[in-house]
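Q: File query.csv follows (CSV, C-alpha atoms and all ligand atoms):
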chain,number,residue,atom,x,y,z
L,22,MET,CA,-10.5,-11.8,5.9
L,23,GLN,CA,-11.1,-10.1,2.6
L,24,THR,CA,-8.5,-7.5,1.6
L,25,VAL,CA,-9.1,-4.2,-0.1
L,26,LEU,CA,-8.7,-4.1,-3.9
L,27,GLY,CA,-5.3,-2.7,-4.6
L,28,PHE,CA,-2.1,-2.6,-2.6
L,29,SER,CA,-0.9,-1.9,0.9
L,30,SER,CA,-1.1,1.8,0.3
L,31,GLY,CA,-4.9,1.4,0.3
L,32,ALA,CA,-5.2,-1.6,2.6
L,33,ILE,CA,-3.2,-0.4,5.6
L,34,PRO,CA,-5.1,2.9,5.9
L,35,THR,CA,-8.3,0.8,6.0
L,36,ILE,CA,-6.9,-1.3,8.9
L,37,LEU,CA,-5.9,1.9,10.7
L,38,THR,CA,-9.3,3.7,10.2
L,39,GLY,CA,-11.9,0.9,9.7
L,40,LEU,CA,-13.0,2.7,6.5
L,41,MET,CA,-12.8,2.0,2.8
L,42,PRO,CA,-10.4,4.0,0.6
L,43,GLU,CA,-13.0,6.4,-0.7
L,44,ARG,CA,-13.5,7.5,2.9
L,45,HIS,CA,-9.9,7.7,4.1
L,46,GLY,CA,-8.6,9.0,0.7
L,47,HIS,CA,-5.6,6.7,0.3
L,48,TRP,CA,-5.6,4.1,-2.5
L,49,ASN,CA,-2.6,3.7,-4.9
L,50,LEU,CA,0.5,5.8,-4.3
L,51,PHE,CA,0.2,8.0,-7.4
L,52,TYR,CA,-2.8,10.1,-8.2
L,53,TYR,CA,-3.6,12.7,-10.8
L,54,ASP,CA,-3.3,16.1,-9.3
L,55,PRO,CA,-1.3,18.5,-11.5
L,56,ARG,CA,-2.1,21.5,-9.3
L,57,HIS,CA,-0.4,20.1,-6.2
L,58,ALA,CA,2.1,17.8,-7.8
L,59,PRO,CA,5.4,18.1,-5.7
L,60,PHE,CA,7.4,17.6,-8.9
L,61,TRP,CA,5.6,20.3,-11.0
L,62,TRP,CA,9.0,22.0,-11.5
L,63,LEU,CA,10.2,19.1,-13.6
L,64,LYS,CA,8.1,20.5,-16.4
L,65,ALA,CA,10.9,23.1,-16.8
L,66,PHE,CA,13.1,20.3,-18.0
L,67,ASN,CA,10.8,19.1,-20.6
L,68,TRP,CA,13.0,20.5,-23.4
L,69,LEU,CA,15.6,17.9,-22.4
L,70,PRO,CA,15.5,14.5,-24.2
L,71,LYS,CA,13.5,12.0,-22.1
L,72,SER,CA,16.6,9.9,-21.7
L,73,VAL,CA,18.3,12.5,-19.6
L,74,LEU,CA,16.0,12.0,-16.6
L,75,ASP,CA,14.4,8.7,-17.4
L,76,ASN,CA,17.2,6.3,-16.5
L,77,ARG,CA,18.4,4.5,-13.4
L,78,TYR,CA,20.3,7.6,-12.2
L,79,GLY,CA,17.6,10.1,-12.9
L,80,ARG,CA,15.0,8.0,-11.1
L,81,LYS,CA,17.3,7.5,-8.2
L,82,ILE,CA,17.9,11.3,-7.8
L,83,ILE,CA,14.2,11.9,-8.0
L,84,LYS,CA,13.6,9.1,-5.4
L,85,GLU,CA,16.0,10.7,-3.0
L,86,LEU,CA,14.7,14.2,-3.6
L,87,GLY,CA,11.2,13.0,-3.0
L,88,ARG,CA,12.1,11.2,0.2
L,89,ARG,CA,14.3,13.9,1.7
L,90,ALA,CA,13.5,17.3,0.2
L,91,PHE,CA,9.8,17.0,-0.5
L,92,SER,CA,8.9,14.9,2.6
L,93,LEU,CA,7.0,12.4,0.4
L,94,GLY,CA,7.8,9.7,3.0
L,95,PRO,CA,10.3,6.8,3.0
L,96,THR,CA,8.1,4.7,0.7
L,97,PHE,CA,8.3,7.2,-2.2
L,98,ASP,CA,9.6,5.6,-5.3
L,99,CYS,CA,9.7,6.8,-8.8
L,100,ALA,CA,7.3,4.3,-10.4
L,101,VAL,CA,6.1,6.9,-12.9
L,102,SER,CA,8.3,8.1,-15.8
L,103,PRO,CA,10.0,11.2,-14.5
L,104,HIS,CA,8.8,13.4,-17.4
L,105,LEU,CA,5.2,12.6,-16.3
L,106,LEU,CA,5.7,13.3,-12.6
L,107,PRO,CA,4.5,16.9,-12.8
L,108,TYR,CA,1.0,15.5,-13.2
L,109,PHE,CA,0.9,13.4,-10.1
L,110,ASN,CA,0.7,13.7,-6.4
L,111,PHE,CA,1.7,11.0,-3.9
L,112,SER,CA,-0.8,9.7,-1.3
L,113,GLU,CA,1.6,8.9,1.6
L,114,ARG,CA,3.1,12.3,2.2
L,115,ARG,CA,2.9,11.8,6.0
L,116,ASP,CA,3.8,8.9,8.2
L,117,ILE,CA,0.6,6.9,8.2
L,118,TYR,CA,1.6,5.2,11.5
L,119,ALA,CA,1.6,8.5,13.4
L,120,PRO,CA,-1.3,10.8,14.5
L,121,LYS,CA,-2.8,12.9,11.6
L,122,GLY,CA,-1.1,10.5,9.2
L,123,ILE,CA,-4.1,9.8,7.0
L,124,GLY,CA,-5.5,12.4,4.7
L,125,ASN,CA,-9.3,12.7,5.3
L,126,THR,CA,-9.9,11.0,8.7
L,127,PRO,CA,-8.6,10.3,12.2
L,128,SER,CA,-6.8,6.9,12.5
L,129,LEU,CA,-6.3,4.5,15.3
L,130,PHE,CA,-3.4,6.6,16.4
L,131,ASP,CA,-5.5,9.8,16.6
L,132,GLU,CA,-8.0,7.8,18.6
L,133,LEU,CA,-5.3,6.6,21.0
L,134,GLU,CA,-4.1,10.2,21.5
L,135,ARG,CA,-7.6,11.4,22.1
L,136,GLU,CA,-8.1,8.8,24.8
L,137,GLY,CA,-4.8,9.6,26.3
L,138,ARG,CA,-3.6,6.0,26.1
L,139,GLY,CA,0.1,5.1,26.2
L,140,TYR,CA,1.2,3.3,23.0
L,141,ARG,CA,4.3,2.5,21.0
L,142,VAL,CA,4.6,2.1,17.2
L,143,TYR,CA,7.4,0.2,15.5
L,144,THR,CA,7.7,0.3,11.7
L,145,TYR,CA,10.2,-0.3,8.9
L,146,HIS,CA,10.6,3.5,8.8
L,147,GLN,CA,13.1,3.0,11.6
L,148,TRP,CA,13.9,-0.6,12.1
L,149,SER,CA,14.2,-4.2,10.7
L,150,ASP,CA,11.7,-6.8,11.9
L,151,ALA,CA,14.3,-8.3,14.3
L,152,GLU,CA,15.1,-4.9,15.8
L,153,ILE,CA,11.4,-4.2,16.2
L,154,MET,CA,10.8,-7.4,18.2
L,155,ARG,CA,13.8,-6.7,20.3
L,156,ARG,CA,12.8,-3.1,21.0
L,157,ALA,CA,9.1,-4.0,21.7
L,158,GLY,CA,10.2,-6.6,24.2
L,159,ARG,CA,12.4,-4.1,26.0
L,160,ASP,CA,9.8,-1.3,26.0
L,161,ILE,CA,7.0,-3.7,27.3
L,162,VAL,CA,9.2,-4.1,30.4
L,163,LYS,CA,10.4,-0.5,30.7
L,164,THR,CA,7.4,1.6,29.8
L,165,ASN,CA,3.8,1.8,31.0
L,166,ALA,CA,2.3,1.9,27.5
L,167,THR,CA,-0.6,-0.5,27.1
L,168,LEU,CA,-0.7,-1.0,23.3
L,169,PHE,CA,2.3,-2.0,21.2
L,170,PHE,CA,1.8,-1.8,17.4
L,171,LEU,CA,4.5,-3.8,15.5
L,172,TYR,CA,4.4,-3.4,11.8
L,173,LEU,CA,6.5,-6.2,10.4
L,174,CYS,CA,7.1,-5.8,6.7
L,175,GLU,CA,9.7,-8.3,5.8
L,176,MET,CA,7.3,-11.3,5.4
L,177,ASP,CA,5.8,-9.4,2.4
L,178,ALA,CA,9.2,-8.9,0.7
L,179,PHE,CA,10.1,-12.6,1.5
L,180,LEU,CA,6.9,-14.0,0.0
L,181,HIS,CA,7.3,-11.9,-3.1
L,182,MET,CA,10.5,-13.7,-3.8
L,183,HIS,CA,9.8,-17.2,-2.3
L,184,CYS,CA,6.0,-17.8,-2.4
L,185,LYS,CA,6.4,-21.0,-4.3
L,186,GLU,CA,8.8,-22.5,-1.7
L,187,PRO,CA,6.9,-24.1,1.2
L,188,ASP,CA,10.0,-25.2,3.1
L,189,ALA,CA,11.5,-21.7,3.0
L,190,ILE,CA,8.1,-20.2,4.1
L,191,GLY,CA,7.9,-22.7,6.9
L,192,ALA,CA,11.4,-21.7,8.2
L,193,LYS,CA,10.5,-18.0,8.0
L,194,LEU,CA,7.2,-18.5,9.8
L,195,ASN,CA,9.0,-20.4,12.5
L,196,TRP,CA,11.2,-17.4,13.1
L,197,TYR,CA,8.2,-15.1,13.4
L,198,ASP,CA,6.6,-17.7,15.7
L,199,GLU,CA,9.6,-17.8,18.1
L,200,GLN,CA,10.0,-14.0,18.1
L,201,LEU,CA,6.3,-13.2,18.7
L,202,ARG,CA,6.1,-15.8,21.4
L,203,GLU,CA,9.0,-14.2,23.1
L,204,VAL,CA,7.4,-10.7,22.9
L,205,PHE,CA,4.1,-12.2,24.1
L,206,HIS,CA,5.8,-14.0,27.0
L,207,ILE,CA,7.3,-10.7,28.1
L,208,ALA,CA,3.9,-9.0,27.9
L,209,ARG,CA,2.2,-11.8,29.9
L,210,GLU,CA,4.9,-11.4,32.6
L,211,ARG,CA,3.9,-7.8,33.0
L,212,ASP,CA,0.2,-8.4,32.7
L,213,PRO,CA,-1.2,-12.0,32.8
L,214,GLU,CA,-4.2,-10.8,30.8
L,215,ALA,CA,-2.3,-9.2,28.0
L,216,SER,CA,-3.6,-10.3,24.6
L,217,LEU,CA,-2.0,-10.7,21.2
L,218,MET,CA,-3.4,-10.1,17.7
L,219,VAL,CA,-1.6,-11.0,14.5
L,220,CYS,CA,-2.9,-9.8,11.2
L,221,SER,CA,-1.9,-9.2,7.6
L,222,ASP,CA,-3.4,-6.7,5.1
L,223,HIS,CA,-3.3,-9.1,2.1
L,224,GLY,CA,-2.1,-12.4,0.9
L,225,MET,CA,0.3,-13.4,-1.9
L,226,THR,CA,-0.7,-15.0,-5.2
L,227,PRO,CA,1.9,-17.0,-7.2
L,228,VAL,CA,2.7,-15.2,-10.4
L,229,THR,CA,2.3,-17.5,-13.5
L,230,LYS,CA,2.1,-15.1,-16.5
L,231,HIS,CA,3.1,-11.6,-17.6
L,232,ALA,CA,1.2,-9.2,-19.8
L,233,ASP,CA,2.8,-6.5,-21.8
L,234,LEU,CA,0.2,-3.8,-21.2
L,235,VAL,CA,2.7,-1.0,-21.9
L,236,GLY,CA,3.3,-2.5,-25.3
L,237,GLU,CA,-0.4,-2.9,-26.1
L,238,VAL,CA,-1.1,0.7,-25.3
L,239,THR,CA,2.1,2.1,-26.9
L,240,LYS,CA,1.1,0.4,-30.2
L,241,LEU,CA,-1.9,2.8,-30.3
L,242,GLY,CA,0.5,5.6,-31.1
L,243,LEU,CA,-1.2,8.0,-28.7
L,244,ARG,CA,0.9,10.7,-27.0
L,245,MET,CA,1.6,11.2,-23.3
L,246,PRO,CA,0.8,13.7,-21.8
L,247,GLN,CA,-1.1,15.3,-24.6
L,248,ASP,CA,-3.6,12.6,-25.2
L,249,TYR,CA,-3.6,10.6,-22.1
L,250,LEU,CA,-1.7,9.6,-18.9
L,251,ALA,CA,-1.1,6.1,-17.7
L,252,VAL,CA,0.4,4.6,-14.5
L,253,TYR,CA,1.2,0.9,-14.6
L,254,ASP,CA,1.3,-0.8,-11.2
L,255,SER,CA,2.2,-4.5,-10.9
L,256,THR,CA,-1.4,-5.8,-11.4
L,257,MET,CA,-3.2,-2.9,-12.9
L,258,ALA,CA,-3.1,0.0,-15.4
L,259,ARG,CA,-4.8,3.3,-14.7
L,260,PHE,CA,-5.5,5.9,-17.3
L,261,TRP,CA,-6.6,9.6,-17.6
L,262,PHE,CA,-7.7,11.0,-20.9
L,263,PHE,CA,-7.6,14.4,-22.5
L,264,ASN,CA,-9.6,13.7,-25.6
L,265,GLU,CA,-12.3,11.3,-26.8
L,266,THR,CA,-10.2,9.4,-29.3
L,267,ALA,CA,-7.7,8.4,-26.7
L,268,ARG,CA,-10.4,7.4,-24.3
L,269,GLN,CA,-12.1,5.3,-26.9
L,270,ARG,CA,-9.0,3.6,-28.3
L,271,VAL,CA,-7.5,2.7,-24.9
L,272,HIS,CA,-10.9,1.5,-23.8
L,273,GLU,CA,-11.2,-0.7,-26.8
L,274,ILE,CA,-7.7,-2.2,-26.5
L,275,MET,CA,-8.1,-2.9,-22.8
L,276,GLN,CA,-11.5,-4.5,-23.3
L,277,SER,CA,-10.1,-6.8,-26.0
L,278,LEU,CA,-7.5,-8.3,-23.6
L,279,ASP,CA,-8.3,-11.6,-21.8
L,280,CYS,CA,-5.6,-11.3,-19.2
L,281,GLY,CA,-7.8,-9.0,-17.1
L,282,ARG,CA,-10.6,-6.6,-17.4
L,283,VAL,CA,-11.8,-3.0,-17.1
L,284,LEU,CA,-13.4,-2.4,-13.7
L,285,THR,CA,-16.9,-1.1,-13.8
L,286,LYS,CA,-18.2,1.9,-11.8
L,287,ALA,CA,-20.4,-0.6,-9.9
L,288,GLU,CA,-17.5,-2.8,-8.9
L,289,LEU,CA,-15.4,0.2,-7.8
L,290,GLN,CA,-18.4,1.3,-5.7
L,291,GLU,CA,-18.7,-2.2,-4.2
L,292,PHE,CA,-15.0,-2.1,-3.1
L,293,GLY,CA,-15.2,1.4,-1.6
L,294,LEU,CA,-13.3,3.0,-4.5
L,295,ASN,CA,-15.8,5.5,-5.6
L,296,PHE,CA,-13.6,8.7,-6.1
L,297,PRO,CA,-15.9,11.2,-7.8
L,298,ASP,CA,-12.9,13.1,-9.3
L,299,ASP,CA,-11.3,9.9,-10.7
L,300,ARG,CA,-8.0,11.0,-9.3
L,301,TYR,CA,-6.9,7.4,-9.1
L,302,GLY,CA,-7.9,6.7,-12.8
L,303,GLU,CA,-10.7,7.3,-15.2
L,304,LEU,CA,-10.2,3.8,-16.5
L,305,ILE,CA,-8.8,1.0,-14.3
L,306,PHE,CA,-7.7,-2.2,-15.9
L,307,LEU,CA,-7.1,-5.1,-13.4
L,308,LEU,CA,-5.2,-8.2,-14.3
L,309,ASN,CA,-6.6,-11.6,-13.5
L,310,ALA,CA,-5.0,-13.3,-10.4
L,311,GLY,CA,-1.5,-14.7,-11.2
L,312,TRP,CA,-0.8,-12.2,-14.0
L,313,MET,CA,1.7,-9.4,-13.7
L,314,VAL,CA,2.5,-6.4,-15.8
L,315,ALA,CA,5.6,-7.2,-17.8
L,316,GLU,CA,8.7,-5.2,-16.9
L,317,SER,CA,9.5,-2.2,-19.0
L,318,ASP,CA,11.6,0.9,-18.7
L,319,PHE,CA,8.3,2.7,-18.5
L,320,ASN,CA,7.3,1.4,-15.1
L,321,GLY,CA,10.8,1.6,-13.8
L,322,ARG,CA,10.9,-2.0,-12.5
L,323,GLY,CA,13.8,-3.4,-14.5
L,324,GLY,CA,15.1,-6.5,-12.9
L,325,TRP,CA,12.2,-7.0,-10.5
L,326,SER,CA,10.7,-10.4,-11.3
L,327,PRO,CA,8.9,-11.7,-8.2
L,328,GLU,CA,7.4,-15.2,-7.6
L,329,GLY,CA,4.4,-13.8,-5.9
L,330,MET,CA,2.3,-10.7,-6.2
L,331,HIS,CA,-0.7,-9.1,-4.6
L,332,GLY,CA,-3.1,-6.4,-5.7
L,333,TYR,CA,-5.7,-8.6,-7.4
L,334,HIS,CA,-9.5,-8.8,-7.1
L,335,PRO,CA,-10.3,-9.3,-3.4
L,336,SER,CA,-12.3,-12.5,-4.3
L,337,ASP,CA,-9.0,-14.2,-5.3
L,338,SER,CA,-8.5,-16.6,-2.3
L,339,TYR,CA,-4.7,-16.2,-2.4
L,340,SER,CA,-5.3,-12.5,-1.7
L,341,ASP,CA,-7.1,-13.1,1.6
L,342,ALA,CA,-5.5,-11.6,4.8
L,343,ILE,CA,-5.4,-13.4,8.1
L,344,PHE,CA,-6.4,-12.4,11.7
L,345,LEU,CA,-5.1,-14.5,14.6
L,346,SER,CA,-5.7,-13.8,18.2
L,347,ASP,CA,-5.5,-15.6,21.6
L,348,GLU,CA,-9.0,-14.1,22.3
L,349,LYS,CA,-12.2,-14.5,20.4
L,350,PRO,CA,-12.8,-11.3,18.5
L,351,THR,CA,-15.9,-9.3,19.7
L,352,GLN,CA,-17.3,-9.0,16.2
L,353,PRO,CA,-17.1,-11.2,13.1
L,354,MET,CA,-13.8,-10.7,11.2
L,355,ARG,CA,-14.8,-10.5,7.5
L,356,SER,CA,-12.8,-7.7,6.1
L,357,ILE,CA,-9.5,-6.1,7.0
L,358,ALA,CA,-11.6,-3.0,8.0
L,359,ASP,CA,-12.8,-5.0,11.0
L,360,VAL,CA,-9.2,-5.2,12.4
L,361,TYR,CA,-9.5,-1.5,13.4
L,362,TYR,CA,-12.3,-2.2,15.8
L,363,SER,CA,-10.5,-5.2,17.3
L,364,ILE,CA,-7.4,-3.3,18.1
L,365,ARG,CA,-9.2,-0.2,19.3
L,366,ASP,CA,-11.6,-2.1,21.6
L,367,ALA,CA,-9.1,-4.5,23.0
L,368,GLY,CA,-7.2,-1.5,24.2
L,369,ARG,CA,-10.3,0.0,25.7
L,370,GLU,CA,-11.0,-3.1,27.8
L,371,GLU,CA,-7.5,-2.9,29.2
L,372,LYS,CA,-8.1,0.7,30.1
L,373,GLU,CA,-11.3,-0.1,31.9
L,374,LYS,CA,-9.6,-2.9,33.9
L,375,VAL,CA,-6.9,-0.5,35.0
L,376,ALA,CA,-9.5,2.1,35.9
L,377,LEU,CA,-11.4,-0.4,38.1
G,1,ZN,ZN,4.1,-6.6,-1.3
Spell out the structure here as structure tokens.
A:
Amino acid sequence: MQTVLGFSSGAIPTILTGLMPERHGHWNLFYYDPRHAPFWWLKAFNWLPKSVLDNRYGRKIIKELGRRAFSLGPTFDCAVSPHLLPYFNFSERRDIYAPKGIGNTPSLFDELEREGRGYRVYTYHQWSDAEIMRRAGRDIVKTNATLFFLYLCEMDAFLHMHCKEPDAIGAKLNWYDEQLREVFHIARERDPEASLMVCSDHGMTPVTKHADLVGEVTKLGLRMPQDYLAVYDSTMARFWFFNETARQRVHEIMQSLDCGRVLTKAELQEFGLNFPDDRYGELIFLLNAGWMVAESDFNGRGGWSPEGMHGYHPSDSYSDAIFLSDEKPTQPMRSIADVYYSIRDAGREEKEKVAL
């Protein structure tokens, strides 16, 4: 299946709603929103030298504050330089795996609630993958829920670090194979017609090169936040401008680089990323598959040097997601948005059977 351009923060809401990011509202984690920025009060500390907050400890304190005091969710991380946080909001402020978890639209979980169906959700918010399998197996026996949603996130972390090691990947997949077979076996004992679907939200592309985007832009001598704002994610840079000079100069430098390209409005529209207020970026530069934004203090990723990355153009074949099932899907599975209908409808059949 084709993934959504961007990261899991945009792709998983698409799986959970069947809609593209412009419709469900979630794309990258940080978006420009100075009026509702949870860290607006950090502006009061702007008189301090940047180094006071912008270091490992400052970021850690902000991360913990974000997660605990501002309910930005367990995935909140300080990927933006702390002195720029007053300009940004964070898209996952609620648990997206719970009802009313997605900004603009009902999700699979709202639908399940509406239909009054029993279901269970297991995510990394509470448990490890091994613990999730164990709990799901136990709950299948003990409860009368009919849909069990297991979000297993450790394969992603594993592939980031080992995606060039086929033997290690094989061993890891064997572990998931055994665990999922066991859960499925338990489900089939309870209901011989139980079915299993396994899907991912993106693939993993081997990283071959690094691009110093931060360096290129810093060379221009423009000032943040007076002239522009930038957020550097692993595979893209996003910019907002406050004057024409900044807009033009950043545009020129980005257009001159051959490690990636500036996404056109037409492309953004094609990929369901047409946000009229440009909250996710007025200019979005996407690296070519295999490239990664070089580490810098600016993007707060010191020491993170993965073998694999995702977040490239959806036409990159490494980026494809998978869908596996013991039953033939009722519709063609082309995009990860189709997964939503498969999960929702599989559950409905079950309900009808029970009702008969
Ligand atoms: Zn990942």
Q: Using only C-alpha atoms, which residue out of L:Leu234, L:Val360, L:Leu345, L:Ile274 lies closest to Ala315 in chain L?
A: L:Leu234
Q: List the residues sitting within 8 Å of (10.6, -18.1, -2.3) in the file's frame, using all atoms listed in the file, as a list in words.
A: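 Those residues lying close to the given coordinates are Phe179, Leu180, His181, Met182, His183, Cys184, Lys185, Glu186, Pro187, Ala189, Ile190 and Glu328 of chain L.
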Q: Show me a table, sorted first by chain and then by increasing residue number, of the residues of chain L having an atom at most 9 Å from ligand ZN 1 (chain G), each with its shortest atom pair and the distance in Å to one decimal, counting all atoms listed in the file and written as a Markdown table.
A:
| residue | atom | partner | partner_atom | distance |
| --- | --- | --- | --- | --- |
| L:Phe28 | CA | G:ZN1 | ZN | 7.5 |
| L:Ser29 | CA | G:ZN1 | ZN | 7.2 |
| L:Cys174 | CA | G:ZN1 | ZN | 8.6 |
| L:Met176 | CA | G:ZN1 | ZN | 8.8 |
| L:Asp177 | CA | G:ZN1 | ZN | 4.9 |
| L:Ala178 | CA | G:ZN1 | ZN | 5.9 |
| L:Phe179 | CA | G:ZN1 | ZN | 8.9 |
| L:Leu180 | CA | G:ZN1 | ZN | 8.0 |
| L:His181 | CA | G:ZN1 | ZN | 6.4 |
| L:His223 | CA | G:ZN1 | ZN | 8.5 |
| L:Gly224 | CA | G:ZN1 | ZN | 8.8 |
| L:Met225 | CA | G:ZN1 | ZN | 7.8 |
| L:Gly329 | CA | G:ZN1 | ZN | 8.5 |
| L:Met330 | CA | G:ZN1 | ZN | 6.6 |
| L:His331 | CA | G:ZN1 | ZN | 6.3 |
| L:Gly332 | CA | G:ZN1 | ZN | 8.4 |
Q: Take CA of Glu136 in chain L and CA of Ala215 in chain L and report the distance between them in Å, one decimal.
A: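 Going from CA of Glu136 in chain L over to CA of Ala215 in chain L, I get 19.2 Å.
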Q: Can you pull out every residue within 10 Å of Leu37 in chain L, counting only C-alpha atoms, but drop anything in the same chain fewer than 2 positions away, and send it as JSON, numbers by chain?
A: {"L": [32, 33, 34, 35, 39, 40, 45, 117, 118, 122, 123, 127, 128, 129, 130, 131, 357, 358, 359, 360, 361, 362, 364, 365]}
Q: Quick one: residues within 12 Å of range 333-336 of chain L, all atoms listed in the file, excluding same-chain residues fewer than 2 positions away - as a ChimeraX atom specification?
A: /L:22-29,32,222-228,254-257,281-284,288-289,291-293,306-314,329-331,338-342,355-357
Q: Could you state the separation of CA of Leu173 in chain L and CA of Ser149 in chain L in Å, given to one decimal place?
A: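 So the answer is 8.0 Å.
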Q: Using all atoms listed in the file, find all polymer residues with an atom at most 6 Å away from the point (-2.8, 11.4, -8.1); report them as a ChimeraX atom specification.
A: /L:51-54,109-110,300-301
Q: Would you kindly return, as an mmCIF file with C-alpha atoms, in the coordinates of the input, each protein, DNA or RNA residue with an atom no farther than 12 Å from any atom of Arg202 in chain L, considering all atoms listed in the file and excluding same-chain residues fewer than 3 positions away?
A:
data_model
loop_
_atom_site.group_PDB
_atom_site.id
_atom_site.type_symbol
_atom_site.label_atom_id
_atom_site.label_comp_id
_atom_site.auth_asym_id
_atom_site.auth_seq_id
_atom_site.Cartn_x
_atom_site.Cartn_y
_atom_site.Cartn_z
ATOM 1 C CA MET L 154 10.800 -7.400 18.200
ATOM 2 C CA ARG L 155 13.800 -6.700 20.300
ATOM 3 C CA GLY L 158 10.200 -6.600 24.200
ATOM 4 C CA LEU L 194 7.200 -18.500 9.800
ATOM 5 C CA ASN L 195 9.000 -20.400 12.500
ATOM 6 C CA TRP L 196 11.200 -17.400 13.100
ATOM 7 C CA TYR L 197 8.200 -15.100 13.400
ATOM 8 C CA ASP L 198 6.600 -17.700 15.700
ATOM 9 C CA GLU L 199 9.600 -17.800 18.100
ATOM 10 C CA PHE L 205 4.100 -12.200 24.100
ATOM 11 C CA HIS L 206 5.800 -14.000 27.000
ATOM 12 C CA ILE L 207 7.300 -10.700 28.100
ATOM 13 C CA ALA L 208 3.900 -9.000 27.900
ATOM 14 C CA ARG L 209 2.200 -11.800 29.900
ATOM 15 C CA SER L 216 -3.600 -10.300 24.600
ATOM 16 C CA LEU L 217 -2.000 -10.700 21.200
ATOM 17 C CA MET L 218 -3.400 -10.100 17.700
ATOM 18 C CA VAL L 219 -1.600 -11.000 14.500
ATOM 19 C CA ASP L 347 -5.500 -15.600 21.600
#
Q: If I take CA of Asp116 in chain L and CA of Thr164 in chain L, how far is one from the other in Å, to one decimal?
A: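 Interatomic distance here is 23.1 Å.
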Q: For a quick check of understanding, using only C-alpha atoms, which of L:Gly46, L:Gly236, L:Gly242, L:Gly302 has the smallest distance to Ala258 in chain L?
A: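 With only C-alpha atoms as the atom set, the closest residue is L:Gly302.
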